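Listing of protein.cif; format and content: mmCIF, C-alpha atoms.
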```
data_structure
#
loop_
_atom_site.label_atom_id
_atom_site.label_comp_id
_atom_site.auth_asym_id
_atom_site.auth_seq_id
_atom_site.Cartn_x
_atom_site.Cartn_y
_atom_site.Cartn_z
CA MET S 1 -12.90 1.32 4.53
CA GLU S 2 -12.36 2.72 1.06
CA TYR S 3 -9.68 5.41 0.90
CA SER S 4 -10.10 8.34 -1.43
CA GLY S 5 -7.16 8.44 -3.83
CA VAL S 6 -4.95 6.37 -1.56
CA HIS S 7 -3.56 4.14 -4.31
CA LYS S 8 -1.78 7.13 -5.87
CA GLU S 9 0.49 7.23 -2.83
CA LEU S 10 1.22 3.54 -2.49
CA SER S 11 4.44 1.79 -3.39
CA HIS S 12 4.02 -1.74 -4.68
CA GLY S 13 7.64 -2.62 -5.36
CA SER S 14 8.43 -4.34 -8.65
CA VAL S 15 5.32 -4.74 -10.81
CA LEU S 16 4.54 -6.80 -13.91
CA ARG S 17 1.15 -6.18 -15.57
CA CYS S 18 -0.57 -8.71 -17.83
CA PHE S 19 -3.75 -7.50 -19.53
CA LYS S 20 -6.47 -9.80 -20.96
CA SER S 21 -4.73 -12.77 -19.40
CA PHE S 22 -3.70 -14.07 -16.01
CA SER S 23 -0.29 -15.19 -17.25
CA CYS S 24 2.84 -13.44 -18.47
CA SER S 25 5.65 -14.92 -20.53
CA ARG S 26 4.46 -18.51 -20.34
CA SER S 27 7.80 -19.76 -21.68
CA GLN S 28 9.44 -18.29 -18.60
CA GLN S 29 6.82 -19.83 -16.31
CA SER S 30 7.36 -23.31 -17.80
CA ARG S 31 11.12 -23.00 -17.34
CA LEU S 32 12.79 -25.62 -15.16
CA PHE S 33 14.84 -24.45 -12.17
CA PRO S 34 17.78 -26.54 -10.91
CA ASN S 35 16.54 -26.25 -7.30
CA CYS S 36 13.06 -26.85 -5.89
CA VAL S 37 11.94 -27.34 -2.28
CA GLN S 38 8.44 -28.03 -0.99
CA LEU S 39 7.68 -25.53 1.79
CA ALA S 40 4.15 -26.85 2.41
CA PRO S 41 1.84 -29.31 0.62
CA ASN S 42 0.86 -26.65 -1.93
CA PHE S 43 3.65 -24.09 -1.55
CA LYS S 44 7.07 -24.45 -3.14
CA VAL S 45 10.16 -22.37 -3.86
CA GLU S 46 12.43 -22.81 -6.88
CA TRP S 47 15.68 -20.94 -7.51
CA GLU S 48 18.71 -20.59 -9.73
CA ALA S 49 21.97 -18.69 -9.20
CA LYS S 50 22.51 -16.07 -11.92
CA GLY S 51 25.81 -14.20 -11.60
CA ASP S 52 25.57 -11.83 -8.65
CA SER S 53 21.83 -12.47 -8.19
CA VAL S 54 19.41 -15.30 -7.51
CA GLU S 55 16.21 -15.87 -9.46
CA ILE S 56 13.39 -17.28 -7.35
CA ARG S 57 9.96 -18.62 -8.27
CA LEU S 58 7.27 -18.96 -5.58
CA THR S 59 4.19 -21.05 -6.33
CA ALA S 60 1.29 -21.59 -3.94
CA GLU S 61 -2.41 -22.36 -3.87
CA ILE S 62 -3.71 -19.02 -2.57
CA ASP S 63 -6.66 -16.70 -3.05
CA GLU S 64 -6.36 -13.50 -5.05
CA ASN S 65 -6.29 -11.45 -1.83
CA GLN S 66 -3.39 -13.44 -0.37
CA TYR S 67 0.38 -13.28 -0.62
CA MET S 68 3.39 -15.60 -0.53
CA ALA S 69 6.47 -14.54 1.42
CA PHE S 70 9.98 -15.99 1.31
CA GLY S 71 13.35 -14.86 2.59
CA LEU S 72 16.17 -15.15 5.08
CA SER S 73 15.93 -15.63 8.82
CA PRO S 74 18.14 -13.35 10.95
CA ARG S 75 19.17 -16.39 13.04
CA GLN S 76 20.99 -19.36 11.63
CA GLY S 77 19.26 -22.53 12.83
CA GLU S 78 15.93 -20.89 13.75
CA PRO S 79 13.14 -19.58 11.47
CA VAL S 80 12.40 -16.12 12.90
CA MET S 81 10.17 -13.59 11.17
CA GLU S 82 11.08 -10.54 13.24
CA ASN S 83 14.10 -8.79 11.67
CA SER S 84 13.99 -11.20 8.74
CA ASP S 85 14.46 -10.11 5.12
CA VAL S 86 11.59 -11.35 2.93
CA VAL S 87 10.01 -10.70 -0.44
CA VAL S 88 6.21 -10.63 -0.54
CA ALA S 89 4.77 -11.80 -3.87
CA TYR S 90 1.16 -11.61 -5.03
CA PHE S 91 -1.24 -11.21 -7.95
CA ASP S 92 -3.48 -8.13 -8.14
CA SER S 93 -6.68 -9.08 -9.98
CA ALA S 94 -7.73 -5.42 -10.23
CA ASP S 95 -5.24 -4.74 -13.02
CA GLY S 96 -3.74 -8.15 -13.77
CA SER S 97 -0.39 -7.28 -12.23
CA TYR S 98 2.18 -9.40 -10.40
CA HIS S 99 4.23 -7.94 -7.57
CA ALA S 100 7.44 -8.75 -5.71
CA VAL S 101 8.00 -6.40 -2.78
CA ASP S 102 11.05 -6.24 -0.54
CA TYR S 103 9.96 -6.14 3.12
CA SER S 104 11.57 -5.31 6.46
CA ILE S 105 9.96 -6.83 9.54
CA THR S 106 10.84 -4.95 12.71
CA ALA S 107 7.76 -5.93 14.77
CA ARG S 108 4.76 -8.24 14.55
CA THR S 109 2.45 -5.34 13.79
CA PRO S 110 1.09 -3.71 10.64
CA CYS S 111 3.39 -1.08 9.14
CA ASP S 112 2.86 2.37 10.68
CA GLY S 113 5.28 4.05 8.29
CA THR S 114 8.26 3.46 10.58
CA PHE S 115 7.99 0.09 12.31
CA GLY S 116 6.19 -3.19 11.75
CA VAL S 117 5.77 -5.36 8.66
CA CYS S 118 6.80 -2.73 6.12
CA PRO S 119 7.68 -2.58 2.44
CA ASP S 120 11.21 -1.17 2.27
CA GLU S 121 10.11 1.66 0.00
CA ARG S 122 7.47 2.79 2.49
CA ILE S 123 10.11 3.42 5.16
CA GLY S 124 12.54 5.22 2.89
CA PHE S 125 14.64 2.36 1.56
CA ARG S 126 14.86 0.51 -1.76
CA ASN S 127 12.93 -2.39 -3.24
CA ASP S 128 15.60 -4.86 -4.34
CA ALA S 129 13.24 -7.49 -5.78
CA SER S 130 12.42 -7.37 -9.51
CA VAL S 131 9.52 -9.29 -11.06
CA ILE S 132 10.45 -11.44 -14.05
CA THR S 133 7.12 -13.14 -14.76
CA GLY S 134 3.91 -14.35 -13.15
CA GLU S 135 0.99 -16.70 -13.69
CA ARG S 136 -2.39 -17.36 -12.06
CA SER S 137 -3.93 -20.74 -12.96
CA GLU S 138 -6.33 -23.21 -11.31
CA GLY S 139 -6.13 -21.45 -7.97
CA PHE S 140 -2.32 -21.36 -7.96
CA THR S 141 -0.26 -18.19 -8.16
CA SER S 142 3.35 -18.21 -9.39
CA VAL S 143 5.66 -15.22 -9.28
CA THR S 144 9.26 -15.28 -10.50
CA TYR S 145 11.60 -12.52 -9.33
CA LYS S 146 15.27 -11.85 -8.76
CA ARG S 147 17.29 -10.13 -6.06
CA PRO S 148 21.03 -9.41 -5.73
CA TYR S 149 23.06 -11.44 -3.27
CA GLU S 150 24.43 -8.17 -1.89
CA THR S 151 22.00 -5.24 -2.08
CA GLY S 152 23.90 -2.60 -0.09
CA ASP S 153 20.66 -1.78 1.74
CA ARG S 154 21.05 -1.97 5.52
CA HIS S 155 17.48 -3.29 5.80
CA ASP S 156 18.42 -6.33 3.69
CA LEU S 157 20.32 -9.45 4.71
CA PRO S 158 23.09 -10.60 2.34
CA VAL S 159 22.68 -14.07 0.80
CA PRO S 160 25.68 -16.01 2.15
CA GLU S 161 27.67 -18.85 0.68
CA GLY S 162 26.35 -22.23 1.77
CA PRO S 163 23.08 -23.24 3.48
CA GLN S 164 21.13 -20.53 5.32
CA THR S 165 17.94 -20.75 7.42
CA VAL S 166 14.97 -19.43 5.46
CA VAL S 167 11.47 -18.31 6.37
CA ALA S 168 8.24 -18.47 4.40
CA ALA S 169 4.61 -17.57 4.98
CA ILE S 170 1.17 -17.21 3.42
CA GLY S 171 -1.30 -14.57 4.59
CA SER S 172 -3.78 -11.93 3.49
CA LEU S 173 -3.33 -8.46 2.01
CA ASN S 174 -4.95 -5.32 3.40
CA VAL S 175 -6.53 -2.54 1.32
CA ARG S 176 -3.09 -1.01 0.74
CA LYS S 177 -1.99 -4.34 -0.76
CA GLU S 178 0.40 -4.78 2.15
CA ALA S 179 0.96 -7.99 4.05
CA LYS S 180 -1.15 -8.76 7.11
CA TYR S 181 -0.28 -11.33 9.75
CA HIS S 182 0.48 -14.76 8.25
CA THR S 183 -2.76 -16.58 9.04
CA GLN S 184 -2.48 -19.58 6.71
CA PHE S 185 1.10 -20.82 6.87
CA VAL S 186 4.49 -19.99 8.37
CA THR S 187 7.70 -22.02 8.59
CA LYS S 188 8.11 -23.68 11.98
CA GLN S 189 11.08 -25.98 11.37
CA ASN S 190 14.67 -25.05 10.57
CA LEU S 191 14.99 -25.25 6.79
CA LEU S 192 18.48 -24.70 5.37
CA LEU S 193 18.76 -23.74 1.70
CA ASP S 194 21.81 -22.85 -0.36
CA LEU S 195 20.55 -20.04 -2.62
CA ARG S 196 23.92 -19.88 -4.40
CA GLY S 197 24.08 -23.63 -5.04
CA LYS S 198 22.25 -26.16 -7.24
CA GLY S 199 20.98 -29.71 -7.27
CA THR S 200 18.38 -29.54 -4.48
CA ASN S 201 14.97 -30.99 -5.37
CA THR S 202 12.31 -32.22 -2.94
CA CYS S 203 9.23 -30.98 -4.84
CA ARG S 204 6.19 -33.13 -5.56
CA PRO S 205 3.68 -32.95 -8.42
CA ARG S 206 1.07 -30.26 -7.86
CA THR S 207 -2.23 -31.55 -6.48
CA PRO S 208 -5.26 -29.73 -5.06
CA ALA S 209 -5.11 -29.36 -1.31
CA SER S 210 -7.42 -31.56 0.73
CA SER S 211 -9.66 -29.39 2.85
CA ALA S 212 -9.85 -30.23 6.53
CA PRO S 213 -13.39 -30.26 7.93
CA ALA S 214 -14.32 -26.90 9.45
CA ARG S 215 -14.78 -26.96 13.21
CA TYR S 216 -15.94 -23.40 13.68
CA ASP S 217 -15.90 -20.44 11.36
CA ALA S 218 -13.29 -17.71 11.19
CA TRP S 219 -14.76 -14.39 12.31
CA PRO S 220 -15.30 -11.80 11.01
CA PRO S 221 -15.68 -13.22 7.50
CA SER S 222 -13.35 -11.82 4.81
CA THR S 223 -11.67 -9.43 7.26
CA PRO S 224 -8.69 -11.32 8.70
CA SER S 225 -6.78 -9.62 11.48
CA TRP S 226 -3.00 -9.63 11.68
CA GLY S 227 -2.96 -12.00 14.64
CA ILE S 228 -4.69 -10.17 17.51
CA ALA S 229 -8.17 -8.77 18.03
CA TRP S 230 -10.46 -7.23 20.66
CA TRP S 231 -12.03 -9.55 23.21
CA VAL S 232 -15.40 -8.18 24.36
CA ASN S 233 -17.42 -9.58 27.28
CA GLU S 234 -16.14 -13.15 26.91
CA MET S 235 -16.39 -13.06 23.11
CA LEU S 236 -13.90 -12.57 20.33
CA ILE S 237 -14.66 -9.49 18.18
CA PRO S 238 -18.46 -9.82 18.37
CA GLU S 239 -20.94 -7.54 16.64
CA ILE S 240 -22.16 -5.04 19.23
CA TYR S 241 -25.65 -3.50 19.33
CA VAL S 242 -26.31 -0.06 20.85
CA VAL S 243 -29.27 2.35 21.02
CA ARG S 244 -29.22 6.02 20.05
CA GLY S 245 -29.44 8.37 23.01
CA GLN S 246 -28.04 5.85 25.50
CA THR S 247 -24.63 6.08 27.18
CA TYR S 248 -22.18 3.18 27.19
CA TYR S 249 -19.02 2.71 29.22
CA PHE S 250 -16.08 0.68 28.01
CA VAL S 251 -13.22 -0.62 30.14
CA VAL S 252 -10.15 -0.68 27.88
CA GLU S 253 -7.06 -2.83 28.47
CA GLY S 254 -5.09 -2.68 25.25
CA GLY S 255 -1.72 -1.28 26.37
CA ASP S 256 -0.72 2.16 27.65
CA ASP S 257 2.94 2.56 26.57
CA PRO S 258 3.20 4.41 23.21
CA THR S 259 6.91 3.59 23.01
CA LYS S 260 5.97 -0.10 22.57
CA GLN S 261 4.01 0.12 19.34
CA ALA S 262 3.48 -3.63 19.04
CA SER S 263 1.49 -3.68 22.30
CA TYR S 264 -0.08 -0.21 22.26
CA HIS S 265 -3.73 -0.41 21.22
CA PRO S 266 -5.92 2.57 22.19
CA PHE S 267 -9.62 1.95 21.58
CA TYR S 268 -11.85 4.18 19.48
CA ILE S 269 -15.17 4.18 17.60
CA THR S 270 -15.22 5.15 13.92
CA ASP S 271 -17.03 4.83 10.62
CA ASN S 272 -13.85 3.31 9.17
CA LYS S 273 -14.02 -0.46 8.70
CA GLU S 274 -10.29 -0.99 9.28
CA GLY S 275 -9.38 1.60 11.91
CA GLY S 276 -5.74 2.57 12.46
CA PHE S 277 -6.39 6.33 12.57
CA ALA S 278 -2.79 7.13 13.60
CA GLN S 279 -1.40 5.45 10.46
CA LYS S 280 -3.27 7.72 8.06
CA ASN S 281 -2.26 10.98 6.48
CA LYS S 282 -4.23 14.17 7.07
CA GLN S 283 -6.39 13.75 3.99
CA GLU S 284 -7.36 10.22 4.95
CA GLN S 285 -8.13 11.30 8.51
CA GLU S 286 -10.40 14.05 7.23
CA HIS S 287 -12.44 11.43 5.35
CA GLU S 288 -12.94 9.38 8.53
CA GLN S 289 -15.57 10.19 11.14
CA VAL S 290 -14.62 9.44 14.75
CA PHE S 291 -17.38 9.11 17.35
CA ALA S 292 -15.39 8.41 20.54
CA GLY S 293 -11.88 7.74 21.79
CA VAL S 294 -9.95 10.52 20.01
CA GLU S 295 -9.46 14.17 20.86
CA PHE S 296 -7.50 16.85 19.02
CA THR S 297 -4.90 19.21 20.43
CA LYS S 298 -4.92 22.96 19.69
CA MET S 299 -2.51 22.22 16.86
CA GLY S 300 -4.97 19.70 15.39
CA THR S 301 -2.96 16.61 16.35
CA PRO S 302 -5.13 13.56 17.16
CA ARG S 303 -4.63 11.99 20.58
CA PRO S 304 -6.23 8.74 21.80
CA THR S 305 -8.15 8.95 25.08
CA ALA S 306 -9.16 5.32 25.76
CA VAL S 307 -5.81 3.92 26.90
CA GLY S 308 -5.22 1.35 29.65
CA ARG S 309 -2.90 -1.40 30.84
CA LEU S 310 -2.30 -4.37 28.54
CA CYS S 311 -4.27 -7.59 29.09
CA LYS S 312 -3.97 -10.62 26.83
CA TRP S 313 -5.71 -13.95 26.52
CA LYS S 314 -3.00 -16.60 26.26
CA HIS S 315 -2.89 -20.34 25.68
CA ILE S 316 -2.70 -22.34 28.91
CA SER S 317 -0.40 -24.90 27.28
CA HIS S 318 -0.77 -24.92 23.48
CA ASP S 319 -2.93 -23.57 20.67
CA ALA S 320 -6.02 -25.80 20.91
CA TRP S 321 -8.12 -24.60 17.98
CA LYS S 322 -7.56 -27.78 15.96
CA SER S 323 -8.85 -29.98 18.77
CA SER S 324 -11.73 -27.66 19.76
CA SER S 325 -15.14 -28.34 18.24
CA THR S 326 -16.72 -25.11 19.59
CA PHE S 327 -15.53 -21.65 20.51
CA GLU S 328 -16.56 -22.30 24.12
CA GLU S 329 -14.23 -25.29 24.20
CA TYR S 330 -11.45 -23.21 22.70
CA ARG S 331 -12.12 -20.43 25.22
CA SER S 332 -11.52 -22.87 28.07
CA SER S 333 -7.94 -23.37 26.81
CA LEU S 334 -7.07 -19.69 27.46
CA TYR S 335 -6.23 -17.59 30.49
CA LYS S 336 -6.11 -13.82 31.04
CA ASP S 337 -2.72 -12.22 31.69
CA CYS S 338 -2.51 -8.52 32.62
CA GLU S 339 0.43 -6.18 33.05
CA ASP S 340 0.70 -3.76 35.97
CA GLY S 341 -1.28 -0.57 35.72
CA LYS S 342 -4.88 0.57 35.53
CA PRO S 343 -7.56 0.07 32.88
CA GLY S 344 -8.62 2.90 30.63
CA TYR S 345 -12.23 4.02 30.22
CA LEU S 346 -14.37 5.31 27.40
CA GLU S 347 -17.78 6.91 27.83
CA TRP S 348 -19.87 7.11 24.66
CA THR S 349 -23.33 8.64 24.35
CA VAL S 350 -24.71 7.52 21.02
CA ALA S 351 -25.88 10.63 19.12
CA LYS S 352 -29.15 10.68 17.22
CA ASP S 353 -27.36 11.15 13.91
CA THR S 354 -24.93 8.25 14.41
CA PRO S 355 -24.97 6.00 11.31
CA ASP S 356 -26.60 2.59 11.51
CA LEU S 357 -23.21 0.90 11.24
CA VAL S 358 -19.96 2.00 12.90
CA TYR S 359 -16.89 0.11 14.13
CA TYR S 360 -14.82 -0.34 17.27
CA GLN S 361 -11.15 -0.39 16.32
CA CYS S 362 -7.55 0.25 17.38
CA PHE S 363 -6.15 3.77 17.04
CA THR S 364 -2.65 2.63 16.08
CA HIS S 365 -3.26 -0.55 14.03
CA ARG S 366 -5.81 -1.87 11.56
CA ASN S 367 -8.39 -4.67 11.87
CA LEU S 368 -8.54 -5.39 15.61
CA GLY S 369 -12.29 -4.81 15.93
CA TRP S 370 -15.60 -5.23 14.16
CA LYS S 371 -19.13 -3.89 13.79
CA ILE S 372 -21.35 -1.80 16.06
CA HIS S 373 -25.01 -1.79 14.97
CA VAL S 374 -26.84 1.38 16.01
CA LYS S 375 -30.60 1.10 16.64
CA ASN S 376 -33.36 3.59 17.43
CA PRO S 377 -35.03 3.69 20.88
CA GLY S 378 -37.94 1.31 21.21
CA VAL S 379 -36.47 -1.37 18.98
CA PRO S 380 -36.43 -4.58 21.08
CA PRO S 381 -32.78 -5.58 21.56
CA SER S 382 -33.00 -9.26 20.65
CA GLU S 383 -29.28 -9.42 21.24
CA ARG S 384 -26.83 -7.16 23.06
CA PHE S 385 -24.00 -8.90 21.25
CA SER S 386 -24.54 -11.07 18.22
CA GLY S 387 -24.42 -14.74 19.06
CA ALA S 388 -25.12 -14.13 22.77
CA PRO S 389 -28.26 -14.23 24.94
CA ALA S 390 -30.07 -10.92 25.20
CA THR S 391 -28.65 -8.71 27.89
CA VAL S 392 -28.93 -4.99 28.54
CA SER S 393 -25.64 -3.75 29.89
CA SER S 394 -23.80 -0.51 29.34
CA LEU S 395 -20.46 -1.91 30.50
CA ALA S 396 -18.28 -3.71 27.97
CA ALA S 397 -14.82 -4.89 29.03
CA LEU S 398 -12.33 -4.86 26.17
CA LEU S 399 -9.25 -7.01 26.39
CA LEU S 400 -6.58 -7.67 23.81
CA ALA S 401 -6.88 -11.25 22.53
CA VAL S 402 -3.61 -12.67 21.25
CA ALA S 403 -5.47 -15.94 20.70
CA ALA S 404 -7.30 -14.39 17.76
CA SER S 405 -4.83 -15.77 15.26
CA ALA S 406 -6.04 -19.28 15.99
CA LEU S 407 -9.50 -18.41 14.71
CA LEU S 408 -8.48 -16.17 11.83
CA ARG S 409 -6.61 -18.89 10.06
#
```
Turn the structure described in the file into structure tokens.
Amino acid sequence: MEYSGVHKELSHGSVLRCFKSFSCSRSQQSRLFPNCVQLAPNFKVEWEAKGDSVEIRLTAEIDENQYMAFGLSPRQGEPVMENSDVVVAYFDSADGSYHAVDYSITARTPCDGTFGVCPDERIGFRNDASVITGERSEGFTSVTYKRPYETGDRHDLPVPEGPQTVVAAIGSLNVRKEAKYHTQFVTKQNLLLDLRGKGTNTCRPRTPASSAPARYDAWPPSTPSWGIAWWVNEMLIPEIYVVRGQTYYFVVEGGDDPTKQASYHPFYITDNKEGGFAQKNKQEQEHEQVFAGVEFTKMGTPRPTAVGRLCKWKHISHDAWKSSSTFEEYRSSLYKDCEDGKPGYLEWTVAKDTPDLVYYQCFTHRNLGWKIHVKNPGVPPSERFSGAPATVSSLAALLLAVAASALLR
């Protein structure tokens, strides 16, 4: 969904713009750091202690809509993203700018303005990362930035003396240029780095990554989720087909406790490609058309109506996407786990003036759903759901699929 004027309200942390070129201060980019560690085959971190700060350069083979993240784990000896202190670095091709943004991660959900994966400035705190230089070349992005060892911000972790467990990730950016769920890479092993020291070097010469053969495609294309997605009638975020004038009933099991934002996913139908109605300001909400799943109080406050117990599809033993040659094979490695409570329900009669394309989404978070194609009566429904045999059913069970991250890699 395109937001009208939304970029005027966004905070992108420390920014360095480079016009007519994809590099800035090449002499700085070619500088040698005394420390360099390979985080992944084509992702490395370099650093140098500078007085009361550390200067860090992140370099990775990423797309222009992706980010690199690096920072401190809250637990010594274990790489943990939740409650970590990371800087998200990326290149914005729209204006040739490089960004380093200080993030607080309080939950594995998109930022709602209070909790989740949030830029510090968006939740009322300070960005303590400052861009020094950046470069985009041959598919690799490099961003050099600095941050103080002690920031005085309670959302930041101090950089201690001696080795400290670090975390790193690569993922996609949403339309706000904020980090989504890390779908490409995240640190799994305990990696101890001394960000005040020198003499560490495990880096290798840069080489293009070897592409593993695709087993089955990520879906939906170019719209990665943040790690979970709707599961509809035994399929993961399919395209749904409906007919104007007909009534459809949805059984919704996406979580019913609003105090647990990470697992609270009311279902609604909208013309907004990303969803997340509750995260938007009044102006943004006025630009979005909602067709079902939201009602308004007398004071004009939106309230979700399609709310039910939480059900998840979980791995029986391990994440089997690498060893699965088809989605059906991958599906057999999952099982359904439901919390106590009752499902929610949504009844939707498709109006005659409903647009040809709408979306089923989550009220509280972005990018959990996908497309609904709206057809006129009399058009033969070759498919009820894309990729499935033709069926005519007005009942669609919606379950939260935590296994989505395995496909949206």
>> Using the chain letters and numbers from this file, what does the PyMOL selection byres ((chain S and resi 36) around 6) select? Give the answer as a PyMOL selection string.
In response: chain S and resi 35+37+45-46+201+203
>> Going by the chain IDs and residue numbers used in this file, which residues fall under the PyMOL selection byres ((chain S and resi 348-365) around 7)? Write them as a PyMOL selection string.
In response: chain S and resi 110+243-249+265-273+275-279+292+304+346-347+366-375
>> Quick check on the file I pasted: which residues fall under the PyMOL selection byres ((chain S and resi 146) around 12)? Write them as number ranges by chain.
In response: S: 14, 46-58, 71, 87, 89, 99-102, 127-133, 143-145, 147-149, 151, 195
Residue subset to file, keeping C-alpha atoms, as a compact mmCIF listing (two decimals), in the frame of the given file:
```
# COMPACT_ATOMS: atom_id res chain seq x y z
CA SER S 14 8.43 -4.34 -8.65
CA GLU S 46 12.43 -22.81 -6.88
CA TRP S 47 15.68 -20.94 -7.51
CA GLU S 48 18.71 -20.59 -9.73
CA ALA S 49 21.97 -18.69 -9.20
CA LYS S 50 22.51 -16.07 -11.92
CA GLY S 51 25.81 -14.20 -11.60
CA ASP S 52 25.57 -11.83 -8.65
CA SER S 53 21.83 -12.47 -8.19
CA VAL S 54 19.41 -15.30 -7.51
CA GLU S 55 16.21 -15.87 -9.46
CA ILE S 56 13.39 -17.28 -7.35
CA ARG S 57 9.96 -18.62 -8.27
CA LEU S 58 7.27 -18.96 -5.58
CA GLY S 71 13.35 -14.86 2.59
CA VAL S 87 10.01 -10.70 -0.44
CA ALA S 89 4.77 -11.80 -3.87
CA HIS S 99 4.23 -7.94 -7.57
CA ALA S 100 7.44 -8.75 -5.71
CA VAL S 101 8.00 -6.40 -2.78
CA ASP S 102 11.05 -6.24 -0.54
CA ASN S 127 12.93 -2.39 -3.24
CA ASP S 128 15.60 -4.86 -4.34
CA ALA S 129 13.24 -7.49 -5.78
CA SER S 130 12.42 -7.37 -9.51
CA VAL S 131 9.52 -9.29 -11.06
CA ILE S 132 10.45 -11.44 -14.05
CA THR S 133 7.12 -13.14 -14.76
CA VAL S 143 5.66 -15.22 -9.28
CA THR S 144 9.26 -15.28 -10.50
CA TYR S 145 11.60 -12.52 -9.33
CA ARG S 147 17.29 -10.13 -6.06
CA PRO S 148 21.03 -9.41 -5.73
CA TYR S 149 23.06 -11.44 -3.27
CA THR S 151 22.00 -5.24 -2.08
CA LEU S 195 20.55 -20.04 -2.62
```
Would you mind listing, for every residue of range 214-298 of chain S within 9 Å of range 327-342 of chain S, the two atoms forming the shortest contact and the distance between them in Å to one decimal, using only C-alpha atoms, sorted by chain and ascending residue number, as a Markdown table?
```
| residue | atom | partner | partner_atom | distance |
| --- | --- | --- | --- | --- |
| S:Tyr216 | CA | S:Phe327 | CA | 7.1 |
| S:Glu234 | CA | S:Arg331 | CA | 8.5 |
| S:Met235 | CA | S:Arg331 | CA | 8.8 |
| S:Glu253 | CA | S:Lys342 | CA | 8.1 |
| S:Gly255 | CA | S:Glu339 | CA | 8.6 |
| S:Asp256 | CA | S:Gly341 | CA | 8.5 |
```
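With CA of Pro79 in chain S on one side and CA of Leu32 in chain S on the other, the separation reads 27.3 Å.
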>> Residues within 8 Å of Asp156 in chain S, please, as a list in words. Count only C-alpha atoms; anything in the same chain fewer than 4 positions from it doesn't count.
In response: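 Contacts, with the query itself left out: Asp85, Ser104, Thr151 and Gly152 of chain S.
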> Could you work out how far CA of Gly197 in chain S lies from CA of Met81 in chain S, giving the answer in Å with one decimal?
Replying inline: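 It comes out at 23.6 Å.
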> Could you work out how far CA of Gly124 in chain S lies from CA of Arg154 in chain S, giving the answer in Å with one decimal?
Replying inline: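 We find that CA of Arg154 in chain S and CA of Gly124 in chain S lie 11.4 Å from each other.
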Edge lengths and centre in Å to one decimal, as lines of an AutoDock Vina configuration file, is what I'm after for the box along x, y and z that holds all listed atoms of range 85-102 of chain S once 8 Å is added on each side.
```
center_x = 3.4
center_y = -8.3
center_z = -4.3
size_x = 38.2
size_y = 23.1
size_z = 34.9
```
> So which one's closest to Tyr98 in chain S, S:Ala320, S:Val80, S:Met68, S:Val232? Using only C-alpha atoms, please.
Replying inline: S:Met68
>> Need the shell around Lys188 in chain S: protein/DNA/RNA residues with any atom at most 10 Å away, counting all atoms listed in the file. Skip same-chain ones fewer than 2 positions apart. Format as JSON, numbers by chain?
In response: {"S": [78, 79, 80, 167, 168, 169, 185, 186, 190, 191]}
